[in-house]
Structures are given as structure tokens and as C-alpha cells.
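Take a look at the structure set out below.
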Amino acid sequence: MKNVGVIGGGAAGLMAAYAAARNGHKVTVFEKNEKLGKKIYITGKGRCNFTNDCSLDEFFSNVVRGEKFLKGALYAFSPQDCMAFFEEFGLSIKTERGNRVFPASDHASDVTKILEKACRSYGVVIKLNENVKHFRSTMPDIIPTSDIVDSCTTNVILVKTDLSEYCFDCIIVATGGISYPSTGSTGDGYAMAKTIGHTITDLKCGLCGVNTTDIPLDNLQGLALKNVRLTAKYNQKLVFSDFGELLFTHFGLSGPIVLSASSKINRFPFENVTFELDLKPALDEQTLDKRILRDFDKYKNKQLGNALIELFPQKLIPFVLSKAKIDFKKNVNVLTKEERIRLVKTIKSLPIKISGLRGFNEAIITSGGIETSEINPKTMESKKLPGVKFCGEVLDVDAFTGGFNMQIAFATGFVAGNTID
């Protein structure tokens, strides 16, 4: 039996604690907040989309960074294994559009309660309001003998909190990233990793809204569009394309496809990134042109701005026409063929200028983190210091929306805890 310390009581940390305790180890979880899983409570708008009931091939297609590194963990603890775990401990679940899995209650708190229940059923000790300041090895060849704490002479890792000191054979760092710092994700794990020589890749906002410069936000704020296609290009090279929902906000764009796009463009200079929106992806240009001609025939005596009401929401029409460089008040019966063609092309490829991403206060995840080449993917153990493991968002791995990031946290946490010898 090993004495195991887990730093962080979120999704990855609690799963790691459960897996380790289930195998007979003595486990202590340190959580600096007043309650466990604080970030879990706000995921999925409080409903907690905790995994995705898809095949692993489809899962990997939704991973943005770290696909190769994550394969072992996801084979060890698949989305289906995750669902079975929660059901085993009493959570009723449901699957919605896009294979997104939620608690049937729509309460994210139920996910945290199940994780805590699983941990306590195997005797995990949970210490709330206790912040880990740092850890260090007690091995003489790593730190001077004079620094070794007597009680740790047979152990590997000394952990110092703001309240006390502890000795562990193994520690698991699951402190999360730096997104939503109000939940306690303040980058503690990165600092800890650096002290033992780990490389931290550039930290960027992931799954966040996009600031724009050319959208009349006063008019469009709150407008949601469904069944549209968003394309992102960097120096005219395609880097992202997806179909789904989009929302105009007070700062620019948000919604599922925008959040996913943000994770693909967050490492490019934004002045070289372009967005294009296909407002009618189900229609090719020729079919769309015929549709517009029918509408124009129906509204031939009206102004153009009032002749597109069956094609778009009223609030969107002025923006589309301005992008097509066509006067909103121009009569349909005097519109030229060239203008109509220009309108069709604009509808199929509406350009939007972006200026950057929203900050970490709004980003759902942190993109970047501990360099995965320095972590053993089969055990999550550091290659820099034996006895130290890292899992969850603190690693340089991330994925699109849809429950994939929570599943990554659970899978890497499970492997970290389950592979303690």
C-alpha cells in the first residue's frame, strides 16, 4: 500500500483519488477551495456535459492537442467506462444531441457528489480549504540531506500546505489550468511543474468567444443562428470548418462552433486569421440564387431590405447587405444581376473580421500546459521526478466542446491513480 497525495479536488483529481484508493492505497486529497469540484459546477452552463458517448475514433477527431498522448488513457478509461462508473455509483444519466452526456437531473452538482461518494466509499481523506504551496523530493541525491524531514526518510515526496507538512510515496497534481480563476484555477500546477524542470507550453484561451471589429453589435446582440457553417483560415489556409450554432454577443461571436474555432486559431496572429460564415450551407450557389429569385418575384415592388425576410432574421439583413455592398433601401425590381450574384456569394461566404479572443476569465479551458513529451502517457508520471504524476487540464491537451475535455480529465486522472504500484 502506498501513501498518495492528490493536489486538486476537481474532475481529474477526484477520479485519480478514487482509482488509487480502489486499488488499496491510502489517499489524501487537498482542495484549496471550500468545496470540491468548483469548476464542475459551472460546466455545461451548470448542467455538466461530462463525457461524449461516441467511438474512440470520433473522440480523437475532436481532440485539438495531444491526440497521440491521450490514446492510452482513453483506451484505459473510455467514455463508455466513464458512463458506467457514474451509473454504478447511482447517477442517472441522459444522452442528448451530438452524443453529449449529462446527469438526468441537469444539475452539475450531482456529478461532483458522485465523485465524492466514490472517493469516500474507498476511504479517501478530503482536506478542504487547504492550499498546497509546494512539494519536493526527500531523496538525498535530489535535495541536500539537511533539508530532509525526519518523518519522510522512507518516503519520496514532502508536501507543504498553508496549514501543515505531509509525506507521500506518490503525489498526483490535478490543479487545472488558468481559465475561470475564480474557481481556483490559478496556475498552481504549472509553477509546481517548473520547479522540477518541466516545460510549460504557451498558455492560451481555449473554447472562448471571439472579439470582432465589423459587426453592428448593438443591432445583432442576442441573435442566434442555427445550421450555419463557420470557416477559419490562417493566411488563406483552411484551419477550421464546422456546422452548427452561433450567437452574436456584446463583444462579437460565441456559440458552439465559435468556441471550437477559438481553440484552432488561438496560436495564430489574429491579423492573419479570417472568418467566413456560410448562412445557407444546405444550398449551393445555384440553388440559393433560384431561391432568391423566387423571393424577389414575390416581393418585386418592395425594398431589398424587406424582400429577404423569409431567408434571414430581420436583424441580420442590414449586415448581410452591407457586406454585399448593396443599399438596404434599393428596390428589388432595379437590382442588377451582378448585385444579385454578389449577394449570393456574400451569403455563402460572409466575411467577419476578428481582433482576438476573450480572456481567461471567460475561456472554458486552458490550451497549453505541461509538455506531454515529459510525461509517461501510460502512467501520467513525470519523467523529471519519480513519484510525481500530472493529469487533467494542467497538461498540454485539449479538445472541442461536447464533453471531450471532461472525459480527458477523467481518463488521465483514472490512469494516474490506477497505475500506482
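Going through the C-alpha cells in order, the chains are called A, B, and so on, while each chain numbers its residues from 1 and the ligands are numbered from 1 in the order shown.
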- Message: Which residues are close to Val273 of chain A, i.e. within 9 Å by only C-alpha atoms, leaving aside same-chain residues fewer than 5 positions away? Reply as a list of chain:residue names.
- Response: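 After dropping sequence-adjacent residues, the list is A:Ala232, A:Lys233, A:Tyr234, A:Asn235, A:Gln236, A:Ile265, A:Phe268, A:Lys353, A:Ile354.
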Show which residues sit within 6 Å of segment 404-411 of chain A, as a PDB file with C-alpha atoms, in the first residue's frame. Count only C-alpha atoms, and ignore same-chain residues fewer than 2 positions away.
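Final output, saved to out.pdb:
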```
ATOM      1  CA  ALA A  12      -9.201  14.774 -12.697  1.00  0.00           C
ATOM      2  CA  MET A  15     -11.058  10.401 -10.342  1.00  0.00           C
ATOM      3  CA  PHE A  50     -19.309  15.221 -18.520  1.00  0.00           C
ATOM      4  CA  THR A  51     -18.497  12.950 -21.473  1.00  0.00           C
ATOM      5  CA  ALA A  73      -5.604   6.876 -21.327  1.00  0.00           C
ATOM      6  CA  LEU A  74      -8.793   6.824 -23.369  1.00  0.00           C
ATOM      7  CA  PHE A  77     -10.949   4.643 -19.441  1.00  0.00           C
ATOM      8  CA  GLY A 392      -6.187  16.836 -16.384  1.00  0.00           C
ATOM      9  CA  ALA A 399     -10.433  19.238 -27.257  1.00  0.00           C
ATOM     10  CA  GLY A 402     -19.149  18.258 -26.297  1.00  0.00           C
ATOM     11  CA  GLY A 413      -6.951  11.036 -13.714  1.00  0.00           C
ATOM     12  CA  PHE A 414      -8.012   7.402 -13.757  1.00  0.00           C
TER      13      PHE A 414
END
```
- Item | DSSP-assigned strand (DSSP E or B) among segment 26-153 of chain A, expressed as a list in words |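 The residues of segment 26-153 of chain A classed as strand (DSSP E or B) are Lys26, Val27, Thr28, Val29, Phe30, Glu31, Thr51, Asn52, Val63, Val64, Arg65, Ile93, Lys94, Thr95, Glu96, Arg100, Val101, Phe102, Pro103, Val125, Ile126, Lys127, Leu128, Val132, Lys133, His134, Phe135, Arg136 and Ser137 of chain A.
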- With only C-alpha atoms as the atoms that count, which of A:Glu58, A:Asp242, A:Glu393, A:Asp289 lies nearest to Leu277 of chain A? A:Asp242
- Give me, please, the distance in Å between atom CA of Lys71 of chain A and atom CA of Thr231 of chain A, quoted to one decimal.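 A separation of 27.8 Å between them.
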Write out as a tab-separated table a residue-level contact list of segment 111-214 of chain A versus segment 366-369 of chain A with cut-off 6 Å: for each qualifying residue the closest pair of atoms and the distance in Å to one decimal, counting only C-alpha atoms, rows sorted by chain and residue number upward.
```
residue	atom	partner	partner_atom	distance
A:Gly177	CA	A:Thr366	CA	5.4
A:Ser179	CA	A:Thr366	CA	5.6
A:Ile200	CA	A:Gly369	CA	5.0
A:Thr201	CA	A:Gly369	CA	5.2
A:Asp202	CA	A:Gly368	CA	5.6
A:Leu203	CA	A:Gly368	CA	4.6
A:Lys204	CA	A:Ser367	CA	5.0
A:Cys205	CA	A:Thr366	CA	5.4
A:Gly206	CA	A:Ser367	CA	5.2
```
Could those residues be written to a file, using C-alpha atoms, as a PDB file, in the first residue's frame?
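again_22.pdb, freshly written:
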```pdb
ATOM      1  CA  GLY A 177      -5.349  25.432 -15.832  1.00  0.00           C
ATOM      2  CA  SER A 179      -9.270  29.589 -17.070  1.00  0.00           C
ATOM      3  CA  ILE A 200       5.224  24.711 -19.912  1.00  0.00           C
ATOM      4  CA  THR A 201       3.993  25.417 -23.424  1.00  0.00           C
ATOM      5  CA  ASP A 202       2.380  28.797 -24.134  1.00  0.00           C
ATOM      6  CA  LEU A 203      -0.927  29.132 -22.306  1.00  0.00           C
ATOM      7  CA  LYS A 204      -3.794  30.303 -24.494  1.00  0.00           C
ATOM      8  CA  CYS A 205      -7.534  30.726 -24.106  1.00  0.00           C
ATOM      9  CA  GLY A 206      -9.455  27.711 -25.364  1.00  0.00           C
TER      10      GLY A 206
END
```
Give me the residues within 10 Å of Gln314 of chain A as a short mmCIF file (atom, residue, chain, number, x, y, z; two decimals) with N, CA and C atoms, in the first residue's frame, counting only C-alpha atoms and dropping any in the same chain fewer than 6 places off.
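Ended up saving to result_0.cif:
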```cif
data_model
loop_
_atom_site.label_atom_id
_atom_site.label_comp_id
_atom_site.auth_asym_id
_atom_site.auth_seq_id
_atom_site.Cartn_x
_atom_site.Cartn_y
_atom_site.Cartn_z
N LEU A 220 -27.25 43.37 -33.53
CA LEU A 220 -27.24 41.91 -33.63
C LEU A 220 -27.09 41.19 -32.31
N GLY A 305 -34.32 45.37 -48.45
CA GLY A 305 -34.26 45.02 -47.03
C GLY A 305 -35.50 44.32 -46.52
N ASN A 306 -36.62 44.48 -47.23
CA ASN A 306 -37.87 43.83 -46.83
C ASN A 306 -38.19 42.61 -47.69
N LEU A 308 -36.04 40.01 -48.07
CA LEU A 308 -35.26 38.84 -47.64
C LEU A 308 -35.74 38.28 -46.30
#
```
- Query: Which residues come within 12 Å of Thr183 of chain A, counting only C-alpha atoms, excluding same-chain residues fewer than 6 positions away, as a ChimeraX atom specification?
  - Reply: /A:8-10,31-43,175-177,360-362,364
For the residues in the current selection, export N, CA and C atoms as a PDB file, in the first residue's frame.
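Okay, selection.pdb is ready:
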```pdb
ATOM      1  N   GLY A   8      -5.609  18.912  -5.719  1.00  0.00           N
ATOM      2  CA  GLY A   8      -6.700  19.376  -6.569  1.00  0.00           C
ATOM      3  C   GLY A   8      -7.908  18.461  -6.488  1.00  0.00           C
ATOM      4  N   GLY A   9      -9.043  19.019  -6.056  1.00  0.00           N
ATOM      5  CA  GLY A   9     -10.261  18.227  -5.913  1.00  0.00           C
ATOM      6  C   GLY A   9     -11.273  18.499  -6.996  1.00  0.00           C
ATOM      7  N   GLY A  10     -10.796  18.530  -8.249  1.00  0.00           N
ATOM      8  CA  GLY A  10     -11.693  18.687  -9.393  1.00  0.00           C
ATOM      9  C   GLY A  10     -11.934  17.356 -10.067  1.00  0.00           C
ATOM     10  N   GLU A  31      -7.744  20.241  -1.406  1.00  0.00           N
ATOM     11  CA  GLU A  31      -8.513  21.191  -2.218  1.00  0.00           C
ATOM     12  C   GLU A  31      -8.485  22.552  -1.530  1.00  0.00           C
ATOM     13  N   LYS A  32      -7.982  23.557  -2.231  1.00  0.00           N
ATOM     14  CA  LYS A  32      -7.837  24.867  -1.590  1.00  0.00           C
ATOM     15  C   LYS A  32      -9.152  25.620  -1.448  1.00  0.00           C
ATOM     16  N   ASN A  33     -10.171  25.233  -2.216  1.00  0.00           N
ATOM     17  CA  ASN A  33     -11.483  25.866  -2.096  1.00  0.00           C
ATOM     18  C   ASN A  33     -12.262  25.288  -0.924  1.00  0.00           C
ATOM     19  N   GLU A  34     -13.408  25.899  -0.669  1.00  0.00           N
ATOM     20  CA  GLU A  34     -14.261  25.457   0.432  1.00  0.00           C
ATOM     21  C   GLU A  34     -15.097  24.236   0.071  1.00  0.00           C
ATOM     22  N   LYS A  35     -15.098  23.872  -1.220  1.00  0.00           N
ATOM     23  CA  LYS A  35     -15.831  22.684  -1.658  1.00  0.00           C
ATOM     24  C   LYS A  35     -15.127  22.047  -2.841  1.00  0.00           C
ATOM     25  N   LEU A  36     -15.469  20.805  -3.093  1.00  0.00           N
ATOM     26  CA  LEU A  36     -14.877  20.070  -4.208  1.00  0.00           C
ATOM     27  C   LEU A  36     -15.520  20.486  -5.528  1.00  0.00           C
ATOM     28  N   GLY A  37     -14.773  20.280  -6.609  1.00  0.00           N
ATOM     29  CA  GLY A  37     -15.329  20.406  -7.952  1.00  0.00           C
ATOM     30  C   GLY A  37     -15.941  21.749  -8.272  1.00  0.00           C
ATOM     31  N   LYS A  38     -15.314  22.817  -7.834  1.00  0.00           N
ATOM     32  CA  LYS A  38     -15.914  24.140  -8.026  1.00  0.00           C
ATOM     33  C   LYS A  38     -16.099  24.466  -9.509  1.00  0.00           C
ATOM     34  N   LYS A  39     -15.137  24.044 -10.335  1.00  0.00           N
ATOM     35  CA  LYS A  39     -15.282  24.324 -11.762  1.00  0.00           C
ATOM     36  C   LYS A  39     -16.325  23.415 -12.416  1.00  0.00           C
ATOM     37  N   ILE A  40     -16.506  22.223 -11.855  1.00  0.00           N
ATOM     38  CA  ILE A  40     -17.529  21.314 -12.390  1.00  0.00           C
ATOM     39  C   ILE A  40     -18.907  21.969 -12.328  1.00  0.00           C
ATOM     40  N   TYR A  41     -19.131  22.747 -11.272  1.00  0.00           N
ATOM     41  CA  TYR A  41     -20.450  23.353 -11.061  1.00  0.00           C
ATOM     42  C   TYR A  41     -20.857  24.288 -12.192  1.00  0.00           C
ATOM     43  N   ILE A  42     -19.891  24.855 -12.903  1.00  0.00           N
ATOM     44  CA  ILE A  42     -20.245  25.822 -13.946  1.00  0.00           C
ATOM     45  C   ILE A  42     -20.113  25.240 -15.353  1.00  0.00           C
ATOM     46  N   THR A  43     -19.695  23.991 -15.470  1.00  0.00           N
ATOM     47  CA  THR A  43     -19.546  23.406 -16.809  1.00  0.00           C
ATOM     48  C   THR A  43     -20.918  23.123 -17.414  1.00  0.00           C
ATOM     49  N   THR A 175      -4.339  20.269 -10.665  1.00  0.00           N
ATOM     50  CA  THR A 175      -4.730  21.619 -10.244  1.00  0.00           C
ATOM     51  C   THR A 175      -5.468  22.413 -11.317  1.00  0.00           C
ATOM     52  N   GLY A 176      -5.649  21.832 -12.521  1.00  0.00           N
ATOM     53  CA  GLY A 176      -6.342  22.547 -13.577  1.00  0.00           C
ATOM     54  C   GLY A 176      -5.461  23.580 -14.262  1.00  0.00           C
ATOM     55  N   GLY A 177      -6.086  24.427 -15.073  1.00  0.00           N
ATOM     56  CA  GLY A 177      -5.349  25.432 -15.832  1.00  0.00           C
ATOM     57  C   GLY A 177      -5.452  26.798 -15.196  1.00  0.00           C
ATOM     58  N   PHE A 360      -9.010  34.779 -20.150  1.00  0.00           N
ATOM     59  CA  PHE A 360      -9.092  33.560 -19.358  1.00  0.00           C
ATOM     60  C   PHE A 360     -10.244  33.587 -18.364  1.00  0.00           C
ATOM     61  N   ASN A 361     -10.740  34.762 -18.051  1.00  0.00           N
ATOM     62  CA  ASN A 361     -11.905  34.831 -17.156  1.00  0.00           C
ATOM     63  C   ASN A 361     -13.139  34.211 -17.786  1.00  0.00           C
ATOM     64  N   GLU A 362     -13.146  34.101 -19.121  1.00  0.00           N
ATOM     65  CA  GLU A 362     -14.298  33.559 -19.823  1.00  0.00           C
ATOM     66  C   GLU A 362     -13.993  32.268 -20.564  1.00  0.00           C
ATOM     67  N   ILE A 364     -13.369  28.547 -21.406  1.00  0.00           N
ATOM     68  CA  ILE A 364     -13.805  27.323 -20.738  1.00  0.00           C
ATOM     69  C   ILE A 364     -12.616  26.473 -20.312  1.00  0.00           C
TER      70      ILE A 364
END
```
- Please give the complete set of residues from segment 44-181 of chain A that DSSP, run on the backbone, assigns to helix (DSSP H, G or I), formatted as a VMD selection string. chain A and resid 44 to 46 56 to 61 67 to 76 79 to 88 97 to 99 108 to 121 145 to 147 150 to 152 181
Write the residues of the preceding selection, restricted to N, CA and C atoms, as a compact mmCIF listing (two decimals), in the first residue's frame.
```txt
# COMPACT_ATOMS: atom_id res chain seq x y z
N GLY A 44 -20.96 23.24 -18.74
CA GLY A 44 -22.22 22.99 -19.43
C GLY A 44 -23.34 23.87 -18.95
N LYS A 45 -22.99 25.14 -18.61
CA LYS A 45 -23.97 26.10 -18.10
C LYS A 45 -24.68 25.56 -16.87
N GLY A 46 -23.92 24.86 -16.04
CA GLY A 46 -24.46 24.33 -14.81
C GLY A 46 -25.09 22.96 -14.93
N LEU A 56 -14.09 5.83 -30.04
CA LEU A 56 -12.81 6.48 -29.79
C LEU A 56 -12.28 7.17 -31.03
N ASP A 57 -12.54 6.61 -32.20
CA ASP A 57 -12.11 7.27 -33.44
C ASP A 57 -12.74 8.65 -33.55
N GLU A 58 -14.03 8.74 -33.26
CA GLU A 58 -14.70 10.04 -33.31
C GLU A 58 -14.18 10.95 -32.21
N PHE A 59 -13.92 10.37 -31.05
CA PHE A 59 -13.38 11.16 -29.95
C PHE A 59 -12.07 11.81 -30.35
N PHE A 60 -11.16 11.02 -30.91
CA PHE A 60 -9.85 11.56 -31.26
C PHE A 60 -9.94 12.64 -32.34
N SER A 61 -10.97 12.56 -33.17
CA SER A 61 -11.15 13.59 -34.20
C SER A 61 -11.56 14.92 -33.58
N GLU A 67 -3.53 14.31 -29.15
CA GLU A 67 -4.24 13.10 -29.56
C GLU A 67 -3.40 11.83 -29.31
N LYS A 68 -2.15 11.84 -29.77
CA LYS A 68 -1.30 10.66 -29.61
C LYS A 68 -1.06 10.35 -28.14
N PHE A 69 -0.79 11.37 -27.35
CA PHE A 69 -0.53 11.20 -25.94
C PHE A 69 -1.73 10.59 -25.22
N LEU A 70 -2.94 10.97 -25.62
CA LEU A 70 -4.16 10.58 -24.91
C LEU A 70 -4.67 9.19 -25.26
N LYS A 71 -4.16 8.58 -26.30
CA LYS A 71 -4.74 7.31 -26.76
C LYS A 71 -4.74 6.25 -25.68
N GLY A 72 -3.63 6.07 -24.99
CA GLY A 72 -3.56 5.05 -23.96
C GLY A 72 -4.56 5.29 -22.85
N ALA A 73 -4.69 6.54 -22.41
CA ALA A 73 -5.60 6.88 -21.33
C ALA A 73 -7.05 6.63 -21.72
N LEU A 74 -7.40 6.98 -22.95
CA LEU A 74 -8.79 6.82 -23.37
C LEU A 74 -9.15 5.37 -23.66
N TYR A 75 -8.17 4.57 -24.04
CA TYR A 75 -8.43 3.14 -24.16
C TYR A 75 -8.58 2.51 -22.78
N ALA A 76 -7.86 3.05 -21.80
CA ALA A 76 -7.94 2.53 -20.43
C ALA A 76 -9.23 2.94 -19.74
N PRO A 79 -15.12 6.74 -22.85
CA PRO A 79 -16.37 7.41 -22.48
C PRO A 79 -17.42 6.45 -21.92
N GLN A 80 -17.46 5.24 -22.49
CA GLN A 80 -18.42 4.25 -22.01
C GLN A 80 -18.06 3.77 -20.60
N ASP A 81 -16.75 3.66 -20.32
CA ASP A 81 -16.32 3.33 -18.96
C ASP A 81 -16.71 4.44 -17.99
N CYS A 82 -16.59 5.66 -18.45
CA CYS A 82 -16.96 6.81 -17.62
C CYS A 82 -18.44 6.79 -17.28
N MET A 83 -19.27 6.54 -18.28
CA MET A 83 -20.71 6.47 -18.05
C MET A 83 -21.04 5.34 -17.07
N ALA A 84 -20.38 4.19 -17.25
CA ALA A 84 -20.64 3.06 -16.36
C ALA A 84 -20.23 3.38 -14.93
N PHE A 85 -19.12 4.10 -14.77
CA PHE A 85 -18.68 4.50 -13.43
C PHE A 85 -19.75 5.32 -12.73
N PHE A 86 -20.25 6.35 -13.40
CA PHE A 86 -21.22 7.22 -12.76
C PHE A 86 -22.53 6.49 -12.47
N GLU A 87 -22.93 5.62 -13.37
CA GLU A 87 -24.16 4.86 -13.13
C GLU A 87 -23.98 3.88 -11.98
N GLU A 88 -22.78 3.29 -11.88
CA GLU A 88 -22.51 2.35 -10.79
C GLU A 88 -22.68 3.01 -9.42
N ARG A 97 -28.32 15.51 -28.09
CA ARG A 97 -27.81 15.71 -29.45
C ARG A 97 -26.29 15.78 -29.45
N GLY A 98 -25.70 15.13 -30.45
CA GLY A 98 -24.26 15.11 -30.56
C GLY A 98 -23.60 14.16 -29.57
N ASN A 99 -24.38 13.20 -29.05
CA ASN A 99 -23.87 12.19 -28.09
C ASN A 99 -23.37 12.81 -26.78
N ALA A 108 -25.15 19.97 -12.33
CA ALA A 108 -23.73 19.64 -12.32
C ALA A 108 -23.27 19.17 -10.94
N SER A 109 -23.92 19.67 -9.91
CA SER A 109 -23.54 19.29 -8.55
C SER A 109 -23.66 17.78 -8.32
N ASP A 110 -24.54 17.12 -9.07
CA ASP A 110 -24.70 15.68 -8.89
C ASP A 110 -23.46 14.92 -9.37
N VAL A 111 -22.76 15.46 -10.35
CA VAL A 111 -21.53 14.84 -10.83
C VAL A 111 -20.47 14.90 -9.73
N THR A 112 -20.34 16.06 -9.10
CA THR A 112 -19.38 16.21 -8.00
C THR A 112 -19.74 15.30 -6.83
N LYS A 113 -21.02 15.22 -6.52
CA LYS A 113 -21.46 14.37 -5.40
C LYS A 113 -21.10 12.91 -5.64
N ILE A 114 -21.24 12.45 -6.88
CA ILE A 114 -20.91 11.06 -7.20
C ILE A 114 -19.41 10.83 -7.06
N LEU A 115 -18.61 11.76 -7.54
CA LEU A 115 -17.16 11.63 -7.42
C LEU A 115 -16.74 11.58 -5.95
N GLU A 116 -17.35 12.44 -5.15
CA GLU A 116 -17.03 12.44 -3.71
C GLU A 116 -17.50 11.13 -3.07
N LYS A 117 -18.67 10.68 -3.45
CA LYS A 117 -19.19 9.42 -2.92
C LYS A 117 -18.27 8.26 -3.24
N ALA A 118 -17.78 8.20 -4.49
CA ALA A 118 -16.88 7.13 -4.90
C ALA A 118 -15.59 7.18 -4.10
N CYS A 119 -15.07 8.38 -3.90
CA CYS A 119 -13.82 8.53 -3.14
C CYS A 119 -14.01 8.10 -1.69
N ARG A 120 -15.05 8.58 -1.06
CA ARG A 120 -15.26 8.29 0.37
C ARG A 120 -15.58 6.82 0.59
N SER A 121 -16.19 6.17 -0.42
CA SER A 121 -16.51 4.75 -0.26
C SER A 121 -15.25 3.90 -0.15
N THR A 145 20.89 16.70 2.14
CA THR A 145 20.45 15.87 3.26
C THR A 145 19.86 16.72 4.39
N SER A 146 20.42 17.89 4.58
CA SER A 146 19.96 18.75 5.68
C SER A 146 18.52 19.19 5.52
N ASP A 147 18.00 19.09 4.31
CA ASP A 147 16.63 19.52 4.07
C ASP A 147 15.62 18.40 4.27
N ASP A 150 12.70 14.40 8.95
CA ASP A 150 12.92 13.08 9.55
C ASP A 150 11.80 12.10 9.24
N SER A 151 10.55 12.58 9.32
CA SER A 151 9.43 11.67 9.12
C SER A 151 9.28 11.20 7.69
N CYS A 152 10.06 11.79 6.77
CA CYS A 152 9.95 11.44 5.36
C CYS A 152 11.11 10.56 4.88
N PRO A 181 -10.36 31.67 -13.22
CA PRO A 181 -9.57 31.68 -11.99
C PRO A 181 -10.40 31.82 -10.72
```
- Nearest to Tyr299 of chain A among A:Val332, A:Asn227, A:Gln286, A:Phe270, with distances taken over only C-alpha atoms: which residue is it?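 Answer, going by the shortest atom-to-atom distance: A:Val332.
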- Query: If we count only C-alpha atoms, what is near Thr401 of chain A at a cut-off of 9 Å, once residues fewer than 4 positions away on the same chain are taken out, given as a list of chain:residue names?
  - Reply: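 My list of contacting residues is A:Asn62, A:Leu207, A:Pro256, A:Ile257, A:Leu259, A:Ser260, A:Asn405.
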Residues of the last selection are to be written out with C-alpha atoms, as a JSON list (two decimals), in the first residue's frame.
```json
[["chain", "number", "residue", "atom", "x", "y", "z"],
["A", 62, "ASN", "CA", -12.36, 16.11, -31.61],
["A", 207, "LEU", "CA", -13.16, 27.37, -26.11],
["A", 256, "PRO", "CA", -20.57, 26.08, -30.05],
["A", 257, "ILE", "CA", -18.87, 26.43, -33.44],
["A", 259, "LEU", "CA", -15.87, 28.16, -29.21],
["A", 260, "SER", "CA", -14.37, 25.27, -31.15],
["A", 405, "ASN", "CA", -12.43, 17.85, -22.12]]
```
- Kindly give the distance, in Å, that separates atom CA of Leu335 of chain A and atom CA of Leu321 of chain A, rounded to a single decimal. 12.3 Å
- Query: Smallest atom-to-atom distance to Cys170 of chain A: which of A:Gly244, A:Gly209, A:Gly24, A:Pro386, using only C-alpha atoms?
  - Reply: A:Pro386
- Query: So, counting only C-alpha atoms, which residue among A:Thr419, A:Asn49, A:Asn129, A:Ser373 is closest to Val101 of chain A?
  - Reply: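 Ranking A:Thr419, A:Asn49, A:Asn129, A:Ser373 by distance to Val101 of chain A, first place goes to A:Asn49.
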- Message: I need the residue nearest Val27 of chain A from this list: A:Gly90, A:Pro216, A:Gly417, A:Pro269. Use only C-alpha atoms for the distance.
- Response: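 Closest candidate: A:Gly417.
Using only C-alpha atoms for every distance, the candidate list A:Leu158, A:Met380, A:Ile370, A:Val344 yields A:Ile370 as the residue closest to Leu395 of chain A.
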- Task: Within 6 Å of Arg100 of chain A, counting only C-alpha atoms, which residues show up once you throw out same-chain ones fewer than 4 positions away? Write them as a PyMOL selection string, please.
- Result: chain A and resi 52+95-96+402
